[in-house]
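Heads up: the structure comes next, in structure tokens.
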Amino acid sequence: MRLLLAALLVAGASGAAAQQQPFDMTPERPPVEEAEPLPQPAPTEDDVEEEPEPEAAQPVQPVRPTQPAAEARRQLLPDGNLVLGGESASRSWAVHLTAAQAASAATLHLGYQNAVVAAPESSRLQVFINNTVVADQAVRSADGVASIEAAVPPGLLRAGRNDLTMRVRHRHRTDCTIASTYELWTEIYAAQTYLSFSDSAANTFVGVSDLRALAPDAEGRTMVEIVAPAMERLDMTADILRLAQAVALYANQTNLEFSIASAIDPERRDQSLRVLLGSLEELQMAAGTLPPGAAQGSVTTFLPRNGESVPTLVVSGRSREEWRAAIDQLLAPVDRAGGTRREALITESWRTPNAPMVYEQRNLTFAELGIPSEQFSGRRYMRSFTFAIPADFYAGSYGEARLLLDAAYSSAVLPGSSINVYVNGNIAASMQLTERRGAILNQMPIKVTMRHFRPGLNEVTVEAELLTEQDDACLPGAAADETPRFAVFDTSRFVMPDFGRIGQYPNLSATAGTGYPYGLANDPVAIVLERDDLAGISTAANMLARIALAAGRTIPVSATTSTDAARQQDAIFIGAINAIPAGVLAQVGVNEDSRTSWTTAAAAPAGQGPDQASLDDWRRQMERPGFGDIGDWFSRTFGITIDMMRFTPTDDTAYLPSQADALLIAQGTNPAGNGVWTVIAAPSTDQLAAGSAGLADHRTWGQLSGRVTTLGSDLRTTMSRPVASASFVESQPPSFTNYRLIVANWLSANILSYSLLLVVACVLLGIGTSGLLSRLGRRR
């Protein structure tokens with residue numbers, strides 16, 4: 001009996017130890033956690049002695065990945081960490097590879113972390129390369145960053161474009177509500193997501209076309225350094241800016257950041273590309289070597305790597321005329337003539353398919369827009385597509401596009417479910433599902449207001465929120481039920497109507513979206529900045545690169561320091577606020593006092609002086625509701641603003657930058673009234689360089705709008721000031737149809753003028769009717 005009792009006690013203790021830990025529902029960290037660093041090379045004994053052991057409780061810090069010389073790798077994420085949220089999400093983009101990379105044996109590496117509430121038994125992560133599944137596994141990494149390694153099948157990669165898709169499917173552990181779907185996410189970490197190649201020379205760039213294979217770093221930046229030794233004796237700004245645009249059109253990355261230098265910094269290793277520009281003798285002195293055959297004339301080629309971690313492109317010649325000819329040769333395959341139509345806005349480096357350009361009435365099927373036919377068994381379905389419209393779009397006040405939806409939902413879906421449509425993040429339409437036994441929607445029209453459309457790229461999101469009795473009960477296993485309850489078919493269509501087209505300026509949204517008006521220029525655009533201002537030239541390179549990408553062509557430029565040279569043409573002014581020439585700020589609607597107040601605010605130590613912004617906020621909070629609050633209510637409820645209730649537009653007041661502004665972009669007409677001036681300024685040269693780097697990100701660039709946009713100190717937050725009085729310029733051949741659409745939109749935006757015309761028309765109709773009736777009938 002004693003032996004039996006002892007055995008039972010041992011078994012009980014073992015069973016208690018083997019029990020699973022209870023499910024932890026404590027709040028998890030948000031999905032913005034930093035990625036764990038990549039494995040570093042084995043430290044030497046000296047390294048171990050000098051570097052202290054990190055504490056176990058320290059949070060994971062992001063690091064720039066360092067790779068051994070023997071390994072070649074290609075980062076995959078286009079703009080930093082990627083978060084895929086909801087029950088079903090996917091992202092597709094194109095990855096360009098060199099011929100050496102495509103021929104080498106490759107391994108896919110991926111690091112990810114997911115929400116703790118995601119059920120691993122019914123949640124999956126898939127990676128497709130060229131429509132072939134390369135990785136497919138359960139989502140089961142809530143406690144930390146997990147790594148996936150998968151061999152890429154031989155022959156799957158190809159030189160040039162490769163399509164990459166990441167797709168997740170999530171299900172909640174315990175909740176079946178629509179609200180719970182917002183808690184589901186998987187974050188892909190850029191630092192740990194890449195292709196590694198067995199051939200150590202796979203990252204060697206050979207020809208100019210390999211520029212398309214430039215890859216962003218772990219933070220999503222593609223840093224390009226242009227070194228021009230002759231800058232010390234020549235004004236090469238125009239040549240440098242033309243070269244920067246050529247590199248941008250080849251690479252087409254989301255966050256291209258240019259820096260300009262007159263000499264190579266041997267200590268710098270963070271560039272994705274180095275470009276040497278100048279004469280053969282100067283470049284040989286700077287680089288120590290030149291490619292074979294360089295002495296024969298114009299040359300555009302890469303230097304041999306010879307252990308160098310940064311690919312180096314040489315653009316050179318025996319004279320300035322020859323290196324300019326080399327730049328022209330570099331541009332020839334990617335440039336296009338001004339004024340020619342584009343079929344699509346190229347977005348493939350961060351999203352596929354490319355956004356089709358819509359110039360007039362057009363029908364686009366979901367298949368053309370990248371949304372396939374699919375069935376859905378969850379609670380919140382979301383898919384989005386993109387399209388682009390020209391800079392002279394003028395239909396935001398009255399126009400309506402339509403979605404003709406081919407879809408179906410089962411009898412399990414309850415009335416009260418809805419299909420919502422968002423345009424650029426703003427709700428544009430909502431349709432209730434009312435059938436109790438399910439329905440098949442055949443070309444069901446959903447009207448989509450065009451008030452949120454903007455020149456350039458637009459994103460439309462279709463969301464279905466599905467309610468069922470099964471979800472209300474939420475029995476065990478209900479969240480993982482695979483029975484389809486909703487389906488969307490790729491025969492659905494997006495219908496864009498005819499719209500008015502007339503150019504407007506100032507219009508920073510058009511500049512950001514399509515490069516307007518600089519993208520139409522055939523004559524050189526004046527770039528006004530100080531000589532030998534490397535920060536200003538770097539800012540100009542970033543600005544021109546983004547305009548070139550938006551316009552799909554290079555912008556001819558001329559560099560000058562004189563305002564008089566730009567009075568009769570389009571121009572861009574760049575520099576610290578004190579360096580902007582006199583009279584320019586007033587021309588673009590910026591208060592001249594900013595030359596002193598903005599610079600002083602930037603130079604003042606933190607914590608000194610009154611917090612004026614906070615005082616103003618308190619004053620506004622203490623004010624009683626007045627006419628302005630009523631106007632805000634009308635604007636939110638009916639879309640009617642105070643500006644619509646005026647016969648003539650108000651004058652734009654001069655803008656004074658605040659202490660929180662790090663960069664300012666303002667636009668106005670030139671003194672002659674026949675062109676556009678744009679000013680890019682910061683309190684100091686250092687802030688100008690940092691602000692231009694933030695402006696280079698396509699997400700920040702896409703937020704430019706109105707007549708003035710400021711960039712906050714975090715280099716992400718933007719604030720815009722609308723245009724009260726815009727100038728119109730005819731952009732299309734005269735036609736009655738276009739004039740009718742323009743007038744319709746203008747009257748819709750100016751309610752009092754429309755009402756007055758309606759009253760006048762009624763009076764004239766009454767007079768005419770009275771006169772006609774007085775001549776009819778028998779008189780007594």
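Every chain in the structure tokens takes a letter, A first, then B, and so on in the order presented; its residues are numbered from 1, and the ligands are numbered from 1 following the presented order.
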
If you count only C-alpha atoms, which residues fall within 7 Å of segment 543-555 of chain A, apart from same-chain ones fewer than 2 positions away, as a PyMOL selection string?
chain A and resi 244-245+248-249+252+335-336+512-515+518-519+521+539-541+557+696

Given the selection you just returned, output its residues as a file containing N, CA and C atoms, formatted as a PDB file, in the first residue's frame.
ATOM      1  N   ALA A 244      19.530  62.505 -61.605  1.00  0.00           N
ATOM      2  CA  ALA A 244      18.696  61.981 -60.521  1.00  0.00           C
ATOM      3  C   ALA A 244      17.338  61.517 -61.049  1.00  0.00           C
ATOM      4  N   GLN A 245      16.760  62.258 -61.975  1.00  0.00           N
ATOM      5  CA  GLN A 245      15.480  61.849 -62.550  1.00  0.00           C
ATOM      6  C   GLN A 245      15.620  60.557 -63.342  1.00  0.00           C
ATOM      7  N   ALA A 248      15.723  57.738 -60.927  1.00  0.00           N
ATOM      8  CA  ALA A 248      14.397  57.542 -60.332  1.00  0.00           C
ATOM      9  C   ALA A 248      13.478  56.791 -61.286  1.00  0.00           C
ATOM     10  N   LEU A 249      13.513  57.119 -62.574  1.00  0.00           N
ATOM     11  CA  LEU A 249      12.628  56.447 -63.525  1.00  0.00           C
ATOM     12  C   LEU A 249      13.006  54.985 -63.711  1.00  0.00           C
ATOM     13  N   ASN A 252      12.189  53.481 -59.737  1.00  0.00           N
ATOM     14  CA  ASN A 252      10.764  53.603 -59.420  1.00  0.00           C
ATOM     15  C   ASN A 252      10.443  53.046 -58.037  1.00  0.00           C
ATOM     16  N   ASP A 335      12.428  57.538 -70.868  1.00  0.00           N
ATOM     17  CA  ASP A 335      11.805  58.853 -70.994  1.00  0.00           C
ATOM     18  C   ASP A 335      10.716  58.816 -72.054  1.00  0.00           C
ATOM     19  N   ARG A 336       9.867  59.826 -72.061  1.00  0.00           N
ATOM     20  CA  ARG A 336       8.835  59.973 -73.085  1.00  0.00           C
ATOM     21  C   ARG A 336       8.633  61.456 -73.353  1.00  0.00           C
ATOM     22  N   ALA A 512       1.684  66.676 -56.945  1.00  0.00           N
ATOM     23  CA  ALA A 512       2.079  65.400 -56.350  1.00  0.00           C
ATOM     24  C   ALA A 512       1.567  64.219 -57.160  1.00  0.00           C
ATOM     25  N   GLY A 513       0.359  64.343 -57.715  1.00  0.00           N
ATOM     26  CA  GLY A 513      -0.259  63.205 -58.393  1.00  0.00           C
ATOM     27  C   GLY A 513       0.246  62.952 -59.792  1.00  0.00           C
ATOM     28  N   THR A 514       0.468  64.021 -60.560  1.00  0.00           N
ATOM     29  CA  THR A 514       0.860  63.859 -61.970  1.00  0.00           C
ATOM     30  C   THR A 514       2.010  64.765 -62.382  1.00  0.00           C
ATOM     31  N   GLY A 515       2.594  65.520 -61.433  1.00  0.00           N
ATOM     32  CA  GLY A 515       3.685  66.415 -61.773  1.00  0.00           C
ATOM     33  C   GLY A 515       3.252  67.719 -62.399  1.00  0.00           C
ATOM     34  N   TYR A 518       4.643  71.014 -64.111  1.00  0.00           N
ATOM     35  CA  TYR A 518       6.024  70.810 -64.558  1.00  0.00           C
ATOM     36  C   TYR A 518       6.150  69.590 -65.468  1.00  0.00           C
ATOM     37  N   GLY A 519       5.279  68.617 -65.289  1.00  0.00           N
ATOM     38  CA  GLY A 519       5.342  67.427 -66.129  1.00  0.00           C
ATOM     39  C   GLY A 519       4.975  67.673 -67.577  1.00  0.00           C
ATOM     40  N   ALA A 521       6.103  70.413 -69.190  1.00  0.00           N
ATOM     41  CA  ALA A 521       7.066  71.394 -69.692  1.00  0.00           C
ATOM     42  C   ALA A 521       7.949  70.802 -70.783  1.00  0.00           C
ATOM     43  N   THR A 539      17.738  68.380 -51.904  1.00  0.00           N
ATOM     44  CA  THR A 539      16.294  68.575 -51.848  1.00  0.00           C
ATOM     45  C   THR A 539      15.704  68.683 -53.248  1.00  0.00           C
ATOM     46  N   ALA A 540      16.381  69.432 -54.118  1.00  0.00           N
ATOM     47  CA  ALA A 540      15.908  69.554 -55.500  1.00  0.00           C
ATOM     48  C   ALA A 540      15.906  68.200 -56.196  1.00  0.00           C
ATOM     49  N   ALA A 541      16.930  67.377 -55.938  1.00  0.00           N
ATOM     50  CA  ALA A 541      16.969  66.042 -56.543  1.00  0.00           C
ATOM     51  C   ALA A 541      15.800  65.188 -56.058  1.00  0.00           C
ATOM     52  N   VAL A 557      15.265  71.149 -66.789  1.00  0.00           N
ATOM     53  CA  VAL A 557      15.499  72.153 -65.752  1.00  0.00           C
ATOM     54  C   VAL A 557      16.702  73.008 -66.114  1.00  0.00           C
ATOM     55  N   ALA A 696      10.443  62.525 -49.497  1.00  0.00           N
ATOM     56  CA  ALA A 696      10.713  61.550 -50.542  1.00  0.00           C
ATOM     57  C   ALA A 696       9.844  60.304 -50.431  1.00  0.00           C
TER      58      ALA A 696
END

To one decimal place, how far is atom CA of Ala726 of chain A from atom CA of Asn578 of chain A in Å?
27.4 Å

Residues within 9 Å of segment 474-490 of chain A, please, as a CSV table (one decimal) with C-alpha atoms, in the first residue's frame. Count only C-alpha atoms; anything in the same chain fewer than 5 positions from it doesn't count.
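File selection_1.csv, as written:
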chain,number,residue,atom,x,y,z
A,119,ALA,CA,-6.1,31.1,-33.9
A,121,GLU,CA,-5.2,26.1,-36.2
A,122,SER,CA,-7.3,28.2,-38.8
A,123,SER,CA,-4.9,31.1,-39.7
A,171,ARG,CA,-9.6,33.7,-37.5
A,172,HIS,CA,-10.2,34.9,-34.0
A,173,ARG,CA,-9.7,32.5,-31.1
A,174,THR,CA,-12.8,33.4,-29.1
A,175,ASP,CA,-14.8,36.2,-30.7
A,176,CYS,CA,-17.2,36.2,-33.7
A,177,THR,CA,-18.1,39.8,-33.9
A,365,THR,CA,-13.8,45.2,-64.7
A,366,PHE,CA,-12.5,43.9,-61.3
A,367,ALA,CA,-10.4,41.4,-63.3
A,368,GLU,CA,-8.6,44.4,-64.9
A,369,LEU,CA,-8.2,46.1,-61.5
A,370,GLY,CA,-6.7,43.1,-59.8
A,371,ILE,CA,-9.6,41.7,-57.8
A,372,PRO,CA,-10.3,38.0,-58.7
A,373,SER,CA,-13.5,36.1,-58.1
A,374,GLU,CA,-13.5,34.6,-54.6
A,375,GLN,CA,-15.7,33.2,-51.9
A,376,PHE,CA,-15.5,34.4,-48.3
A,377,SER,CA,-16.6,32.7,-45.0
A,378,GLY,CA,-15.7,35.4,-42.5
A,379,ARG,CA,-17.4,38.5,-41.1
A,381,TYR,CA,-14.5,41.3,-46.4
A,405,LEU,CA,-21.4,44.8,-58.4
A,406,ASP,CA,-21.6,41.1,-59.3
A,407,ALA,CA,-21.8,39.4,-56.0
A,408,ALA,CA,-23.9,36.9,-53.9
A,409,TYR,CA,-24.6,36.3,-50.2
A,410,SER,CA,-26.1,33.2,-48.6
A,411,SER,CA,-29.3,32.9,-46.5
A,412,ALA,CA,-27.2,32.9,-43.4
A,413,VAL,CA,-26.5,36.6,-43.8
A,464,ALA,CA,-18.8,43.9,-46.8
A,466,LEU,CA,-21.8,40.4,-42.7
A,469,GLU,CA,-27.1,34.2,-36.2

Please identify all polymer residues within 12 Å of segment 196-202 of chain A, counting only C-alpha atoms, omitting same-chain residues fewer than 5 positions from it, and present them as a PyMOL selection string.
chain A and resi 67-76+97-110+149-152+154+157+159+210+213+304-309+311

From A:Ser384, A:Arg342, A:Thr301, A:Thr461, residue lying nearest Val423 of chain A [only C-alpha atoms]
A:Thr461

Could you pull out the strand (DSSP E or B) residues of segment 209-280 of chain A, going by DSSP on the backbone, and write them as an NGL selection string?
:A and (222-227 or 255-261 or 273-279)

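Separating atom CA of Phe728 of chain A from atom CA of Ala582 of chain A is a distance of 26.5 Å.
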
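Checking A:Ala681, A:Met719, A:Ile580, A:Ala391 one by one against Ser705 of chain A, counting only C-alpha atoms, you find the shortest gap at A:Met719.
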
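Taking only segment 63-141 of chain A, the residues that DSSP calls helix (DSSP H, G or I) from the backbone come to Ala99, Ala100, Gln101, Ala102, Ala103, Pro120, Glu121 and Ser122 of chain A.
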
Restrict the selected residues to C-alpha atoms and save them as a PDB file, in the first residue's frame.
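Written file, selection13.pdb:
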ATOM      1  CA  ALA A  99      20.172  38.004 -64.601  1.00  0.00           C
ATOM      2  CA  ALA A 100      22.750  36.789 -62.054  1.00  0.00           C
ATOM      3  CA  GLN A 101      20.178  36.810 -59.242  1.00  0.00           C
ATOM      4  CA  ALA A 102      17.604  34.942 -61.333  1.00  0.00           C
ATOM      5  CA  ALA A 103      20.171  32.273 -62.294  1.00  0.00           C
ATOM      6  CA  PRO A 120      -3.151  29.166 -35.278  1.00  0.00           C
ATOM      7  CA  GLU A 121      -5.225  26.120 -36.237  1.00  0.00           C
ATOM      8  CA  SER A 122      -7.254  28.173 -38.750  1.00  0.00           C
TER       9      SER A 122
END

Could you pull the residues within 9 Å of Glu730 of chain A, counting only C-alpha atoms, minus those fewer than 2 positions along the same chain, as a PDB file with N, CA and C atoms, in the first residue's frame?
ATOM      1  N   ASP A 392      -6.063  67.766 -64.630  1.00  0.00           N
ATOM      2  CA  ASP A 392      -7.117  68.755 -64.888  1.00  0.00           C
ATOM      3  C   ASP A 392      -8.512  68.232 -64.553  1.00  0.00           C
ATOM      4  N   ARG A 501     -12.797  68.891 -67.505  1.00  0.00           N
ATOM      5  CA  ARG A 501     -11.347  68.936 -67.463  1.00  0.00           C
ATOM      6  C   ARG A 501     -10.862  70.363 -67.715  1.00  0.00           C
ATOM      7  N   ILE A 502     -10.271  70.945 -66.687  1.00  0.00           N
ATOM      8  CA  ILE A 502      -9.670  72.270 -66.794  1.00  0.00           C
ATOM      9  C   ILE A 502      -8.596  72.389 -65.716  1.00  0.00           C
ATOM     10  N   GLY A 503      -7.448  72.921 -66.083  1.00  0.00           N
ATOM     11  CA  GLY A 503      -6.346  73.034 -65.145  1.00  0.00           C
ATOM     12  C   GLY A 503      -6.595  74.121 -64.108  1.00  0.00           C
ATOM     13  N   GLN A 504      -6.074  73.898 -62.911  1.00  0.00           N
ATOM     14  CA  GLN A 504      -6.182  74.873 -61.828  1.00  0.00           C
ATOM     15  C   GLN A 504      -4.831  75.027 -61.143  1.00  0.00           C
ATOM     16  N   PHE A 728      -7.789  79.402 -63.385  1.00  0.00           N
ATOM     17  CA  PHE A 728      -8.105  78.330 -64.324  1.00  0.00           C
ATOM     18  C   PHE A 728      -7.287  78.520 -65.603  1.00  0.00           C
ATOM     19  N   GLN A 732      -7.836  71.562 -72.498  1.00  0.00           N
ATOM     20  CA  GLN A 732      -8.407  70.730 -73.546  1.00  0.00           C
ATOM     21  C   GLN A 732      -8.891  71.605 -74.697  1.00  0.00           C
ATOM     22  N   PRO A 733      -8.971  71.040 -75.898  1.00  0.00           N
ATOM     23  CA  PRO A 733      -9.546  71.808 -77.011  1.00  0.00           C
ATOM     24  C   PRO A 733     -10.978  72.228 -76.672  1.00  0.00           C
ATOM     25  N   PRO A 734     -11.408  73.412 -77.113  1.00  0.00           N
ATOM     26  CA  PRO A 734     -12.761  73.878 -76.786  1.00  0.00           C
ATOM     27  C   PRO A 734     -13.828  72.906 -77.287  1.00  0.00           C
TER      28      PRO A 734
END

Nearby residues (only C-alpha atoms) at most 9 Å from Ile419 of chain A, same-chain spacing under 2 positions excluded, as a list in words
Ser417, Val421, Ala429, Ser430, Met431, Gln432, Leu433, Val462, Glu463, Ala464, Glu465 and Leu466 of chain A

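Within 9 Å of segment 667-671 of chain A there are Tyr505, Pro506, Asn507, Leu508, Ala566, Arg567, Gln568, Gln569, Asp570, Ala571, Val584, Gln587, Val588, Gly589, Asn674, Gly675, Val676, Trp677, Thr678, Val679, Gly706, Arg707, Val708 and Ser727 of chain A, counting only C-alpha atoms and ignoring same-chain residues fewer than 3 positions away.
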
Within 9 Å of segment 256-260 of chain A, which residues of segment 161-242 of chain A come that close, and what is the closest atom pair and distance in Å for each? Count only C-alpha atoms and give it as CSV.
residue,atom,partner,partner_atom,distance
A:Pro216,CA,A:Leu256,CA,8.4
A:Arg221,CA,A:Leu256,CA,6.2
A:Thr222,CA,A:Leu256,CA,4.9
A:Met223,CA,A:Glu257,CA,4.8
A:Val224,CA,A:Phe258,CA,4.9
A:Glu225,CA,A:Ser259,CA,4.9
A:Ile226,CA,A:Ile260,CA,5.0
A:Val227,CA,A:Ile260,CA,6.1
A:Ala228,CA,A:Ile260,CA,7.7
A:Ile240,CA,A:Ile260,CA,8.4

Using only N, CA and C atoms, please write the residues we just selected to a file, as an mmCIF file, in the first residue's frame.
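Below is the file result_9.cif, written as the result:
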data_model
loop_
_atom_site.group_PDB
_atom_site.id
_atom_site.type_symbol
_atom_site.label_atom_id
_atom_site.label_comp_id
_atom_site.auth_asym_id
_atom_site.auth_seq_id
_atom_site.Cartn_x
_atom_site.Cartn_y
_atom_site.Cartn_z
ATOM 1 N N PRO A 216 15.127 48.544 -51.731
ATOM 2 C CA PRO A 216 15.155 49.364 -50.515
ATOM 3 C C PRO A 216 15.854 48.635 -49.383
ATOM 4 N N ARG A 221 13.955 52.542 -47.413
ATOM 5 C CA ARG A 221 14.592 53.636 -48.126
ATOM 6 C C ARG A 221 15.551 53.104 -49.183
ATOM 7 N N THR A 222 15.577 53.775 -50.336
ATOM 8 C CA THR A 222 16.551 53.493 -51.376
ATOM 9 C C THR A 222 17.429 54.733 -51.492
ATOM 10 N N MET A 223 18.611 54.672 -50.928
ATOM 11 C CA MET A 223 19.477 55.844 -50.821
ATOM 12 C C MET A 223 20.479 55.848 -51.969
ATOM 13 N N VAL A 224 20.472 56.963 -52.701
ATOM 14 C CA VAL A 224 21.334 57.121 -53.874
ATOM 15 C C VAL A 224 22.234 58.330 -53.635
ATOM 16 N N GLU A 225 23.528 58.104 -53.755
ATOM 17 C CA GLU A 225 24.491 59.199 -53.607
ATOM 18 C C GLU A 225 25.082 59.526 -54.976
ATOM 19 N N ILE A 226 24.985 60.787 -55.368
ATOM 20 C CA ILE A 226 25.578 61.255 -56.620
ATOM 21 C C ILE A 226 26.823 62.057 -56.259
ATOM 22 N N VAL A 227 27.979 61.600 -56.736
ATOM 23 C CA VAL A 227 29.256 62.252 -56.458
ATOM 24 C C VAL A 227 29.731 62.932 -57.725
ATOM 25 N N ALA A 228 29.906 64.261 -57.648
ATOM 26 C CA ALA A 228 30.343 65.061 -58.794
ATOM 27 C C ALA A 228 31.558 65.883 -58.382
ATOM 28 N N ILE A 240 23.144 67.265 -62.583
ATOM 29 C CA ILE A 240 22.871 66.360 -61.457
ATOM 30 C C ILE A 240 21.379 66.066 -61.355
#

Return the single residue from A:Ala662, A:Ile680, A:Met450, A:Ile440 that is closest to Gly396 of chain A, with distances computed using only C-alpha atoms.
A:Met450
